[in-house]
>>> print(open('model-v6.csv').read())   # CSV, C-alpha atoms
chain,number,residue,atom,x,y,z
O,1402,MET,CA,74.3,121.8,101.4
O,1403,GLU,CA,73.0,120.3,98.2
O,1404,ARG,CA,73.1,116.5,97.9
O,1405,LYS,CA,76.3,115.1,96.5
O,1406,SER,CA,77.6,111.7,95.6
O,1407,VAL,CA,81.2,110.4,95.8
O,1408,ASN,CA,83.2,107.2,95.7
O,1409,LEU,CA,85.7,106.3,98.4
O,1410,ALA,CA,89.1,104.6,97.8
O,1411,LEU,CA,90.6,103.3,101.1
O,1412,GLN,CA,94.3,102.5,101.5
O,1413,GLY,CA,95.6,99.7,103.5
O,1414,GLY,CA,98.3,100.1,106.2
O,1415,GLY,CA,97.6,97.8,109.2
O,1416,ALA,CA,96.6,99.6,112.4
O,1417,HIS,CA,97.1,102.9,110.7
O,1418,GLY,CA,93.7,102.1,109.2
O,1419,ALA,CA,92.2,103.6,112.4
O,1420,PHE,CA,92.8,106.9,110.7
O,1421,THR,CA,90.3,105.9,108.0
O,1422,TRP,CA,87.9,104.9,110.8
O,1423,GLY,CA,87.9,108.5,112.0
O,1424,VAL,CA,87.5,109.8,108.4
O,1425,LEU,CA,84.5,107.6,107.8
O,1426,ASP,CA,83.0,108.4,111.1
O,1427,ARG,CA,83.1,112.1,110.3
O,1428,LEU,CA,81.8,111.7,106.7
O,1429,LEU,CA,78.9,109.7,108.0
O,1430,ASP,CA,77.7,112.8,109.9
O,1431,GLU,CA,77.0,114.6,106.6
O,1432,HIS,CA,73.6,113.5,105.4
O,1433,TRP,CA,74.0,115.4,102.2
O,1434,LEU,CA,76.9,113.2,101.2
O,1435,GLU,CA,76.1,110.0,99.5
O,1436,ILE,CA,78.7,107.2,99.1
O,1437,ALA,CA,78.1,105.4,95.8
O,1438,GLY,CA,81.1,103.1,95.6
O,1439,VAL,CA,83.9,102.0,97.9
O,1440,SER,CA,87.2,100.3,96.9
O,1441,GLY,CA,89.3,99.1,99.8
O,1442,THR,CA,92.5,97.2,100.3
O,1443,SER,CA,93.8,95.4,103.4
O,1444,ALA,CA,92.8,97.7,106.4
O,1445,GLY,CA,90.9,99.7,103.8
O,1446,ALA,CA,88.9,96.5,102.9
O,1447,LEU,CA,88.1,96.0,106.6
O,1448,ASN,CA,86.9,99.6,106.9
O,1449,GLY,CA,85.0,99.4,103.6
O,1450,ALA,CA,83.3,96.2,104.5
O,1451,ALA,CA,82.2,97.5,107.9
O,1452,LEU,CA,80.8,100.6,106.2
O,1453,LYS,CA,79.1,98.8,103.4
O,1454,ALA,CA,77.4,96.2,105.7
O,1455,GLY,CA,76.2,99.0,108.1
O,1456,LEU,CA,74.8,101.3,105.4
O,1457,GLY,CA,73.3,98.2,103.6
O,1458,ALA,CA,71.5,97.0,106.7
O,1459,HIS,CA,69.3,100.1,107.0
O,1460,GLY,CA,68.4,103.2,105.1
O,1461,GLY,CA,69.0,106.9,106.0
O,1462,ARG,CA,70.1,107.8,109.5
O,1463,ALA,CA,69.7,104.3,110.8
O,1464,GLY,CA,72.1,103.0,108.2
O,1465,ARG,CA,74.7,105.6,109.1
O,1466,MET,CA,74.5,104.8,112.8
O,1467,ALA,CA,74.8,101.1,111.9
O,1468,ALA,CA,77.9,101.8,109.9
O,1469,LYS,CA,79.4,103.8,112.8
O,1470,GLU,CA,78.6,100.9,115.2
O,1471,ASN,CA,80.3,98.4,112.8
O,1472,LEU,CA,83.4,100.5,112.6
O,1473,ASP,CA,83.6,101.1,116.3
O,1474,ARG,CA,83.3,97.4,117.0
O,1475,LEU,CA,85.8,96.5,114.3
O,1476,TRP,CA,88.6,98.7,115.8
O,1477,SER,CA,87.7,97.9,119.4
O,1478,GLU,CA,88.3,94.3,118.6
O,1479,ILE,CA,91.5,95.0,116.7
O,1480,GLY,CA,92.7,97.1,119.7
O,1481,MET,CA,92.1,94.2,122.1
O,1482,MET,CA,93.9,91.8,119.8
O,1483,SER,CA,96.9,94.0,119.4
O,1484,ASP,CA,97.2,95.3,123.0
O,1485,ASN,CA,100.6,94.4,124.3
O,1486,ARG,CA,101.2,94.9,128.1
O,1487,VAL,CA,105.0,94.5,127.7
O,1488,VAL,CA,105.1,97.5,125.4
O,1489,ARG,CA,102.9,99.5,127.7
O,1490,TRP,CA,105.1,98.7,130.7
O,1491,THR,CA,108.4,99.5,129.1
O,1492,GLN,CA,107.2,102.7,127.5
O,1493,SER,CA,105.8,104.0,130.8
O,1494,LEU,CA,109.1,103.7,132.6
O,1495,MET,CA,110.8,106.8,131.1
O,1496,PRO,CA,111.0,109.0,128.0
O,1497,MET,CA,113.6,107.9,125.5
O,1498,ASN,CA,115.8,109.8,123.1
O,1499,ARG,CA,116.2,108.6,119.5
O,1500,SER,CA,119.4,106.6,120.2
O,1501,MET,CA,117.7,104.8,123.0
O,1502,GLN,CA,114.6,104.2,120.9
O,1503,ARG,CA,116.9,102.6,118.2
O,1504,TRP,CA,118.4,100.3,120.9
O,1505,THR,CA,114.9,99.3,122.2
O,1506,GLU,CA,113.7,98.6,118.7
O,1507,MET,CA,116.1,95.7,118.5
O,1508,PHE,CA,114.5,94.1,121.5
O,1509,SER,CA,110.9,95.2,121.0
O,1510,PRO,CA,108.1,92.6,120.5
O,1511,ALA,CA,107.7,94.0,117.0
O,1512,ALA,CA,111.4,93.2,116.3
O,1513,TRP,CA,111.0,89.7,117.7
O,1514,LEU,CA,107.9,89.2,115.5
O,1515,ASP,CA,109.8,90.5,112.4
O,1516,ASN,CA,112.7,88.2,113.1
O,1517,LEU,CA,110.4,85.2,113.7
O,1518,THR,CA,108.7,85.7,110.4
O,1519,ARG,CA,112.2,85.4,108.7
O,1520,ILE,CA,112.6,81.9,110.3
O,1521,PHE,CA,109.1,80.5,110.7
O,1522,SER,CA,106.3,80.4,108.2
O,1523,PRO,CA,102.5,80.7,109.0
O,1524,TYR,CA,102.3,77.2,107.7
O,1525,ASP,CA,104.6,75.9,110.5
O,1526,TYR,CA,101.7,76.3,113.1
O,1527,GLY,CA,99.9,73.3,111.7
O,1528,PRO,CA,96.5,72.6,113.3
O,1529,PHE,CA,97.1,75.5,115.7
O,1530,TYR,CA,96.9,78.1,113.0
O,1531,SER,CA,93.9,80.5,112.8
O,1532,ASN,CA,93.3,83.9,111.2
O,1533,PRO,CA,91.7,86.1,113.8
O,1534,LEU,CA,90.1,88.4,111.3
O,1535,GLY,CA,87.6,85.8,110.2
O,1536,PRO,CA,85.7,85.5,113.5
O,1537,LEU,CA,86.1,89.3,114.0
O,1538,LEU,CA,84.3,90.1,110.8
O,1539,GLN,CA,81.6,87.4,111.4
O,1540,GLY,CA,81.0,88.9,114.8
O,1541,LEU,CA,80.3,92.5,113.8
O,1542,PRO,CA,76.7,93.7,114.5
O,1543,HIS,CA,76.1,93.9,110.8
O,1544,SER,CA,78.0,91.3,108.7
O,1545,ASN,CA,76.3,90.9,105.4
O,1546,TYR,CA,79.0,92.3,103.2
O,1547,ALA,CA,77.4,91.2,100.0
O,1548,CYS,CA,74.0,92.8,100.7
O,1549,ASP,CA,72.1,94.6,98.0
O,1550,GLY,CA,71.9,97.9,100.0
O,1551,GLY,CA,74.5,100.5,100.6
O,1552,PRO,CA,77.4,101.5,98.3
O,1553,GLU,CA,79.0,99.0,95.9
O,1554,LEU,CA,82.0,97.4,97.5
O,1555,PHE,CA,85.2,96.4,95.7
O,1556,ILE,CA,87.9,94.4,97.6
O,1557,ALA,CA,91.4,94.0,96.1
O,1558,ALA,CA,93.7,91.0,96.7
O,1559,THR,CA,96.8,89.6,95.1
O,1560,ASN,CA,96.7,86.3,93.3
O,1561,VAL,CA,99.8,84.4,94.5
O,1562,ARG,CA,100.1,82.2,91.4
O,1563,THR,CA,99.8,85.0,88.8
O,1564,GLY,CA,100.9,88.0,90.8
O,1565,ARG,CA,97.9,89.9,89.4
O,1566,ILE,CA,95.2,91.9,91.2
O,1567,ARG,CA,91.8,90.3,91.8
O,1568,VAL,CA,89.0,92.6,92.7
O,1569,PHE,CA,86.0,91.0,94.5
O,1570,SER,CA,82.6,92.7,94.2
O,1571,GLY,CA,78.9,92.0,94.5
O,1572,ARG,CA,78.2,88.5,95.8
O,1573,GLU,CA,81.9,87.7,95.9
O,1574,THR,CA,82.6,90.1,98.8
O,1575,SER,CA,82.7,87.3,101.4
O,1576,VAL,CA,84.6,87.2,104.7
O,1577,ASP,CA,87.2,85.1,102.9
O,1578,ALA,CA,87.7,87.8,100.2
O,1579,ILE,CA,88.1,90.5,102.9
O,1580,ILE,CA,90.7,88.6,104.9
O,1581,ALA,CA,92.5,87.7,101.7
O,1582,SER,CA,92.9,91.4,101.0
O,1583,ALA,CA,94.5,91.8,104.5
O,1584,CYS,CA,96.7,88.7,104.3
O,1585,LEU,CA,100.3,89.6,104.9
O,1586,PRO,CA,102.1,86.5,103.7
O,1587,THR,CA,104.7,86.5,106.6
O,1588,MET,CA,101.9,86.5,109.2
O,1589,PHE,CA,99.0,84.7,107.7
O,1590,GLN,CA,98.5,81.6,105.4
O,1591,ALA,CA,97.2,82.5,101.9
O,1592,VAL,CA,93.5,82.5,101.7
O,1593,GLU,CA,92.2,80.1,99.1
O,1594,ILE,CA,89.0,81.0,97.1
O,1595,ALA,CA,87.5,79.3,94.1
O,1596,ASP,CA,87.4,81.3,90.9
O,1597,PRO,CA,83.9,80.9,89.4
O,1598,ALA,CA,85.2,81.8,86.0
O,1599,THR,CA,87.7,79.0,85.8
O,1600,GLY,CA,86.6,76.6,88.6
O,1601,ARG,CA,90.2,76.8,89.9
O,1602,VAL,CA,91.0,77.4,93.6
O,1603,GLU,CA,93.3,80.3,93.8
O,1604,ALA,CA,95.4,81.5,96.7
O,1605,TYR,CA,95.5,85.2,97.7
O,1606,TRP,CA,97.7,87.6,99.6
O,1607,ASP,CA,97.4,91.2,100.7
O,1608,GLY,CA,96.0,93.4,98.0
O,1609,GLY,CA,98.5,96.2,98.8
O,1610,PHE,CA,101.1,94.5,96.5
O,1611,THR,CA,99.0,95.2,93.4
O,1612,GLY,CA,96.3,97.8,94.2
O,1613,ASN,CA,96.5,100.0,97.3
O,1614,PRO,CA,93.7,100.9,96.7
O,1615,ALA,CA,92.3,99.9,93.3
O,1616,LEU,CA,90.8,103.0,91.7
O,1617,PHE,CA,89.8,101.5,88.3
O,1618,PRO,CA,86.6,99.8,89.5
O,1619,LEU,CA,85.3,103.3,90.3
O,1620,TYR,CA,85.8,104.5,86.7
O,1621,ALA,CA,82.5,102.8,85.6
O,1622,ALA,CA,79.9,105.1,84.1
O,1623,ARG,CA,77.3,104.3,86.8
O,1624,PHE,CA,79.5,105.9,89.5
O,1625,PRO,CA,80.0,109.7,90.1
O,1626,ARG,CA,83.2,111.2,88.8
O,1627,ASP,CA,84.6,112.0,92.3
O,1628,ILE,CA,87.0,109.6,93.9
O,1629,VAL,CA,88.0,110.5,97.5
O,1630,ILE,CA,91.2,108.7,98.4
O,1631,VAL,CA,91.8,108.2,102.1
O,1632,ALA,CA,95.6,107.8,102.3
O,1633,ILE,CA,97.5,106.3,105.3
O,1634,ASN,CA,100.9,105.7,103.7
O,1635,PRO,CA,102.8,109.0,103.3
O,1636,LEU,CA,103.7,109.8,99.7
O,1637,MET,CA,106.5,112.1,100.8
O,1638,ARG,CA,109.2,111.9,103.5
O,1639,ASP,CA,111.6,114.9,103.5
O,1640,VAL,CA,113.9,113.3,106.1
O,1641,LEU,CA,116.4,110.8,104.6
O,1642,PRO,CA,116.0,107.4,106.4
O,1643,ARG,CA,119.3,106.3,107.9
O,1644,SER,CA,118.8,103.6,110.5
O,1645,PRO,CA,117.9,100.0,109.4
O,1646,VAL,CA,114.4,100.4,110.7
O,1647,GLU,CA,113.8,103.7,109.0
O,1648,ILE,CA,115.1,102.4,105.7
O,1649,ALA,CA,112.9,99.3,105.9
O,1650,ASP,CA,109.9,101.4,106.8
O,1651,ARG,CA,110.4,103.7,103.8
O,1652,VAL,CA,110.9,100.7,101.4
O,1653,ASN,CA,107.6,99.4,102.8
O,1654,GLU,CA,105.8,102.7,102.1
O,1655,ILE,CA,107.2,103.1,98.6
O,1656,SER,CA,106.2,99.6,97.7
O,1657,PHE,CA,102.7,99.9,99.0
O,1658,ASN,CA,102.2,103.2,97.3
O,1659,SER,CA,103.6,102.2,93.9
O,1660,SER,CA,100.3,100.9,92.5
O,1661,LEU,CA,98.4,104.1,93.6
O,1662,MET,CA,101.1,106.3,92.1
O,1663,ALA,CA,100.8,104.4,88.8
O,1664,GLN,CA,97.0,104.8,88.7
O,1665,LEU,CA,97.2,108.5,89.6
O,1666,ARG,CA,99.8,109.1,86.9
O,1667,SER,CA,97.5,107.5,84.3
O,1668,ILE,CA,94.6,109.6,85.5
O,1669,ASN,CA,96.8,112.7,85.2
O,1670,PHE,CA,97.7,111.8,81.6
O,1671,VAL,CA,94.0,111.4,80.7
O,1672,LYS,CA,93.2,114.7,82.4
O,1673,LYS,CA,95.8,116.4,80.2
O,1674,LEU,CA,94.2,115.0,77.1
O,1675,PHE,CA,90.8,116.4,78.3
O,1676,ASP,CA,92.4,119.8,78.9
O,1677,GLU,CA,93.9,119.7,75.4
O,1678,GLY,CA,90.6,118.8,73.8
O,1679,ARG,CA,91.9,115.5,72.5
O,1680,MET,CA,89.2,113.4,74.2
O,1681,THR,CA,86.2,114.7,72.2
O,1682,ASN,CA,83.5,112.1,71.4
O,1683,ARG,CA,85.3,109.4,73.4
O,1684,SER,CA,83.8,107.4,76.3
O,1685,MET,CA,86.8,108.0,78.6
O,1686,LYS,CA,85.8,109.3,82.0
O,1687,ASN,CA,87.4,112.5,83.4
O,1688,VAL,CA,87.4,111.5,87.1
O,1689,LEU,CA,87.8,114.1,89.8
O,1690,ILE,CA,90.4,113.3,92.5
O,1691,HIS,CA,90.3,114.3,96.2
O,1692,LEU,CA,92.6,113.3,99.0
O,1693,ILE,CA,92.1,113.1,102.7
O,1694,ASP,CA,95.4,112.4,104.6
O,1695,ASP,CA,97.7,113.6,107.4
O,1696,ASP,CA,101.2,113.2,106.2
O,1697,LYS,CA,102.6,114.9,109.3
O,1698,LEU,CA,101.0,112.3,111.5
O,1699,MET,CA,102.1,109.4,109.3
O,1700,ASN,CA,105.6,110.7,109.1
O,1701,ASP,CA,105.8,110.6,112.9
O,1702,LEU,CA,104.9,106.9,112.8
O,1703,ASN,CA,106.6,103.8,111.5
O,1704,ALA,CA,105.8,100.4,110.0
O,1705,ARG,CA,106.1,98.8,113.5
O,1706,SER,CA,103.0,100.6,114.7
O,1707,LYS,CA,101.1,99.0,111.9
O,1708,VAL,CA,101.4,95.6,113.5
O,1709,MET,CA,101.8,96.5,117.2
O,1710,PRO,CA,100.2,99.8,117.9
O,1711,LYS,CA,100.9,101.6,121.1
O,1712,PRO,CA,98.1,101.8,123.7
O,1713,GLY,CA,95.8,104.6,122.7
O,1714,LEU,CA,97.2,104.9,119.2
O,1715,LEU,CA,94.0,103.7,117.6
O,1716,GLU,CA,91.8,106.2,119.3
O,1717,SER,CA,94.3,109.0,118.6
O,1718,MET,CA,94.4,108.1,115.0
O,1719,LYS,CA,90.6,108.0,114.8
O,1720,SER,CA,90.6,111.5,116.2
O,1721,ALA,CA,93.2,112.6,113.7
O,1722,GLY,CA,91.0,111.1,110.9
O,1723,GLN,CA,88.0,113.0,112.1
O,1724,VAL,CA,89.9,116.2,112.1
O,1725,ALA,CA,91.3,115.6,108.6
O,1726,ALA,CA,87.9,114.8,107.2
O,1727,ASP,CA,86.5,117.9,108.9
O,1728,VAL,CA,89.2,120.1,107.4
O,1729,PHE,CA,88.6,118.5,104.0
O,1730,LEU,CA,84.8,119.2,104.2
O,1731,GLN,CA,85.4,122.8,105.2
O,1732,ASP,CA,87.9,123.4,102.5
O,1733,HIS,CA,86.6,121.3,99.6
O,1734,ALA,CA,83.0,120.3,100.1
O,1735,ASP,CA,81.9,122.9,97.5
O,1736,LYS,CA,84.3,121.3,94.9
O,1737,LEU,CA,82.7,117.9,95.1
O,1738,ASN,CA,80.9,116.9,91.8
O,1739,ARG,CA,82.5,120.1,90.2
O,1740,THR,CA,86.3,119.9,90.1
O,1741,ASP,CA,89.4,118.3,91.6
O,1742,SER,CA,90.6,119.3,95.0
O,1743,PHE,CA,93.9,117.5,94.7
O,1744,ASP,CA,96.5,118.8,92.3
O,1745,LEU,CA,97.8,115.9,90.3
O,1746,GLN,CA,99.8,118.1,88.0
O,1747,ALA,CA,101.8,119.4,91.0
O,1748,LEU,CA,102.4,115.8,92.2
O,1749,PHE,CA,103.9,114.8,88.9
O,1750,ALA,CA,105.4,118.2,88.0
O,1751,ASN,CA,109.0,116.8,87.9
O,1752,TYR,CA,108.1,113.8,85.7
O,1753,PRO,CA,107.4,113.7,82.0
O,1754,ALA,CA,103.9,112.5,80.9
>>> encode(input="model-v6.csv", output="structure tokens")
Amino acid sequence: MERKSVNLALQGGGAHGAFTWGVLDRLLDEHWLEIAGVSGTSAGALNGAALKAGLGAHGGRAGRMAAKENLDRLWSEIGMMSDNRVVRWTQSLMPMNRSMQRWTEMFSPAAWLDNLTRIFSPYDYGPFYSNPLGPLLQGLPHSNYACDGGPELFIAATNVRTGRIRVFSGRETSVDAIIASACLPTMFQAVEIADPATGRVEAYWDGGFTGNPALFPLYAARFPRDIVIVAINPLMRDVLPRSPVEIADRVNEISFNSSLMAQLRSINFVKKLFDEGRMTNRSMKNVLIHLIDDDKLMNDLNARSKVMPKPGLLESMKSAGQVAADVFLQDHADKLNRTDSFDLQALFANYPA
């Protein structure tokens, strides 16, 4: 295979980010595939940072192995933090039909956590508060996330004061920036980071509210045209949500997909202008969009598993990600650097430009 270069855009979605772990693990096996830029949000930021630091630590095969080692350690630590023996015990007792599942959802640890976040704030913990992601990131085998080597890394977070997206890059991609991108405000205290442009200390929440992920940093001329989106929030659900949990889950998915859909719609509009010959002699970039996802898998999951994954879920999602990446490579590797493999026109077929 001839050498090809792409950008990666990694969605956030809590523990479902283990799917992206599998995708990256499989892509790293292809030595002809160069990763030029990575834009990540929330769990996508964690994955992107682990990838960047590993590839940046060494060149060639050693860098790819270092990136795999970083990703393996990252999700192993997350699995240990999220392992819940009560869930394991109750689910091992007997299989449950849907009505019984709905009943147990009311009393599950995830439901307790959800109810607690409606009563207590992360600021109520006082001196006992800590964000476990900081030590986790600092403890990875390769933890220089602002190193010169490897792909350029972009981390999206949401400015609490302005409600606008902030994209950290270059020397700004610190551990604080990464955990800010994954800062769910009901679970973690806002991460405060000084803005070098203004000198003001700003507070940040999860980047999923404003850019999940942010595609626009990858439009720069120095990057290849191809953006490979690794999606972990399903765009489509054919089944109408009816239970309170299902409705809340779908609201969550739509909210965290809204920024991506807006960006894709803008790209689709620009692509139409190119097709009509109306972009002649302009500097606008006609990006090529690719998508790696598994909507069937994600439709079988819910938002609860993002914060309290079942035992073995992370490994099974890694395997699913590896399979999805393998299918993508088999079906679309020849399209990279040549044409889109994802049909944006079909996605927006029922909507006016």
>>> closest_residue(input="model-v6.csv", among="O:Ala1747, O:Ala1615, O:Leu1737, O:Leu1537", to="Lys1405 (chain O)", atoms="all atoms listed in the file")
O:Leu1737
>>> residues_around(input="model-v6.csv", residues="region 1656-1661 of chain O", least_positions_apart="5", cutoff="6 Å", atoms="only C-alpha atoms", output="PyMOL selection string")
chain O and resi 1609+1611-1613
>>> closest_atom_pairs(input="model-v6.csv", of="region 1546-1664 of chain O", to="region 1524-1536 of chain O", cutoff="7 Å", atoms="all atoms listed in the file", output="Markdown table")
| residue | atom | partner | partner_atom | distance |
| --- | --- | --- | --- | --- |
| O:Val1576 | CA | O:Gly1535 | CA | 6.4 |
| O:Ile1580 | CA | O:Leu1534 | CA | 6.4 |
| O:Phe1589 | CA | O:Asn1532 | CA | 6.7 |
| O:Gln1590 | CA | O:Tyr1524 | CA | 6.3 |
>>> atom_distance(input="model-v6.csv", atom1="CA of Cys1548 (chain O)", atom2="CA of Gly1418 (chain O)")
23.4 Å
>>> closest_residue(input="model-v6.csv", among="O:Ile1579, O:Ala1604, O:Val1439, O:Met1718", to="Val1561 (chain O)", atoms="only C-alpha atoms")
O:Ala1604
>>> atom_distance(input="model-v6.csv", atom1="CA of Lys1453 (chain O)", atom2="CA of Leu1409 (chain O)")
11.2 Å
>>> residues_near_point(input="model-v6.csv", point="(92.4, 111.0, 104.6)", cutoff="10 Å", atoms="all atoms listed in the file", output="ChimeraX atom specification")
/O:1410-1412,1420-1425,1629-1633,1691-1696,1721-1726,1729
>>> write_last_selection(input="model-v6.csv", atoms="C-alpha atoms", output="short mmCIF file (atom, residue, chain, number, x, y, z; two decimals), in the coordinates of the input")
data_model
loop_
_atom_site.label_atom_id
_atom_site.label_comp_id
_atom_site.auth_asym_id
_atom_site.auth_seq_id
_atom_site.Cartn_x
_atom_site.Cartn_y
_atom_site.Cartn_z
CA ALA O 1410 89.10 104.60 97.80
CA LEU O 1411 90.60 103.30 101.10
CA GLN O 1412 94.30 102.50 101.50
CA PHE O 1420 92.80 106.90 110.70
CA THR O 1421 90.30 105.90 108.00
CA TRP O 1422 87.90 104.90 110.80
CA GLY O 1423 87.90 108.50 112.00
CA VAL O 1424 87.50 109.80 108.40
CA LEU O 1425 84.50 107.60 107.80
CA VAL O 1629 88.00 110.50 97.50
CA ILE O 1630 91.20 108.70 98.40
CA VAL O 1631 91.80 108.20 102.10
CA ALA O 1632 95.60 107.80 102.30
CA ILE O 1633 97.50 106.30 105.30
CA HIS O 1691 90.30 114.30 96.20
CA LEU O 1692 92.60 113.30 99.00
CA ILE O 1693 92.10 113.10 102.70
CA ASP O 1694 95.40 112.40 104.60
CA ASP O 1695 97.70 113.60 107.40
CA ASP O 1696 101.20 113.20 106.20
CA ALA O 1721 93.20 112.60 113.70
CA GLY O 1722 91.00 111.10 110.90
CA GLN O 1723 88.00 113.00 112.10
CA VAL O 1724 89.90 116.20 112.10
CA ALA O 1725 91.30 115.60 108.60
CA ALA O 1726 87.90 114.80 107.20
CA PHE O 1729 88.60 118.50 104.00
#
>>> atom_distance(input="model-v6.csv", atom1="CA of Val1640 (chain O)", atom2="CA of Asn1700 (chain O)")
9.2 Å
>>> closest_residue(input="model-v6.csv", among="O:Glu1478, O:Glu1431, O:Glu1470, O:Asp1596", to="Asp1727 (chain O)", atoms="only C-alpha atoms")
O:Glu1431
>>> residues_around(input="model-v6.csv", residues="Asp1744 (chain O)", least_positions_apart="4", cutoff="10 Å", atoms="all atoms listed in the file", output="PyMOL selection string")
chain O and resi 1669+1690-1692+1748-1750
>>> closest_residue(input="model-v6.csv", among="O:Leu1698, O:Ile1648, O:Met1481, O:Phe1555", to="Ser1720 (chain O)", atoms="only C-alpha atoms")
O:Leu1698
>>> closest_residue(input="model-v6.csv", among="O:Gly1550, O:Gly1608, O:Gly1540, O:Gly1480", to="Leu1585 (chain O)", atoms="only C-alpha atoms")
O:Gly1608
>>> closest_residue(input="model-v6.csv", among="O:Leu1636, O:Gly1413, O:Arg1562, O:Tyr1620", to="Gly1441 (chain O)", atoms="all atoms listed in the file")
O:Gly1413
>>> closest_atom_pairs(input="model-v6.csv", of="region 1531-1647 of chain O", to="region 1675-1688 of chain O", cutoff="9 Å", atoms="all atoms listed in the file", output="Markdown table")
| residue | atom | partner | partner_atom | distance |
| --- | --- | --- | --- | --- |
| O:Tyr1620 | CA | O:Lys1686 | CA | 6.7 |
| O:Ala1621 | CA | O:Lys1686 | CA | 8.1 |
| O:Ala1622 | CA | O:Lys1686 | CA | 7.5 |
| O:Pro1625 | CA | O:Val1688 | CA | 8.2 |
| O:Arg1626 | CA | O:Val1688 | CA | 4.5 |
| O:Asp1627 | CA | O:Val1688 | CA | 5.9 |
| O:Ile1628 | CA | O:Val1688 | CA | 7.1 |
>>> residues_around(input="model-v6.csv", residues="Ala1557 (chain O)", least_positions_apart="6", cutoff="6 Å", atoms="all atoms listed in the file", output="PyMOL selection string")
chain O and resi 1442+1567-1568+1582+1608
>>> residues_around(input="model-v6.csv", residues="Leu1475 (chain O)", least_positions_apart="2", cutoff="8 Å", atoms="only C-alpha atoms", output="PyMOL selection string")
chain O and resi 1451+1471-1473+1477-1479+1537-1538+1541
>>> residues_around(input="model-v6.csv", residues="Leu1554 (chain O)", least_positions_apart="2", cutoff="7 Å", atoms="all atoms listed in the file", output="ChimeraX atom specification")
/O:1438-1440,1453,1552,1556,1570-1571
>>> decode(input="model-v6.csv", residues="region 1729-1740 of chain O", atoms="N, CA, C and O atoms", output="short mmCIF file (atom, residue, chain, number, x, y, z; two decimals), in the first residue's frame")
data_model
loop_
_atom_site.label_atom_id
_atom_site.label_comp_id
_atom_site.auth_asym_id
_atom_site.auth_seq_id
_atom_site.Cartn_x
_atom_site.Cartn_y
_atom_site.Cartn_z
N PHE O 1729 -13.27 -0.85 7.83
CA PHE O 1729 -13.04 0.43 7.15
C PHE O 1729 -11.83 0.35 6.23
O PHE O 1729 -11.88 0.81 5.08
N LEU O 1730 -10.74 -0.23 6.70
CA LEU O 1730 -9.53 -0.33 5.89
C LEU O 1730 -9.75 -1.22 4.67
O LEU O 1730 -9.29 -0.91 3.56
N GLN O 1731 -10.45 -2.32 4.86
CA GLN O 1731 -10.72 -3.21 3.73
C GLN O 1731 -11.59 -2.54 2.68
O GLN O 1731 -11.36 -2.70 1.47
N ASP O 1732 -12.58 -1.77 3.14
CA ASP O 1732 -13.55 -1.19 2.21
C ASP O 1732 -13.10 0.15 1.62
O ASP O 1732 -13.49 0.49 0.49
N HIS O 1733 -12.30 0.90 2.39
CA HIS O 1733 -12.08 2.29 1.99
C HIS O 1733 -10.62 2.75 1.96
O HIS O 1733 -10.38 3.94 1.69
N ALA O 1734 -9.68 1.89 2.25
CA ALA O 1734 -8.28 2.33 2.27
C ALA O 1734 -7.87 2.96 0.95
O ALA O 1734 -7.11 3.94 0.92
N ASP O 1735 -8.38 2.43 -0.16
CA ASP O 1735 -8.00 2.96 -1.47
C ASP O 1735 -8.59 4.34 -1.73
O ASP O 1735 -8.11 5.07 -2.61
N LYS O 1736 -9.62 4.75 -0.96
CA LYS O 1736 -10.24 6.06 -1.15
C LYS O 1736 -9.49 7.17 -0.41
O LYS O 1736 -9.71 8.36 -0.71
N LEU O 1737 -8.68 6.79 0.58
CA LEU O 1737 -7.96 7.80 1.35
C LEU O 1737 -7.07 8.62 0.44
O LEU O 1737 -6.41 8.11 -0.46
N ASN O 1738 -7.06 9.94 0.68
CA ASN O 1738 -6.30 10.93 -0.10
C ASN O 1738 -6.82 11.07 -1.53
O ASN O 1738 -6.18 11.72 -2.36
N ARG O 1739 -8.00 10.46 -1.82
CA ARG O 1739 -8.57 10.55 -3.17
C ARG O 1739 -10.00 11.08 -3.16
O ARG O 1739 -10.34 11.98 -3.92
N THR O 1740 -10.85 10.51 -2.30
CA THR O 1740 -12.26 10.88 -2.31
C THR O 1740 -12.89 10.58 -0.96
O THR O 1740 -12.28 9.90 -0.11
#
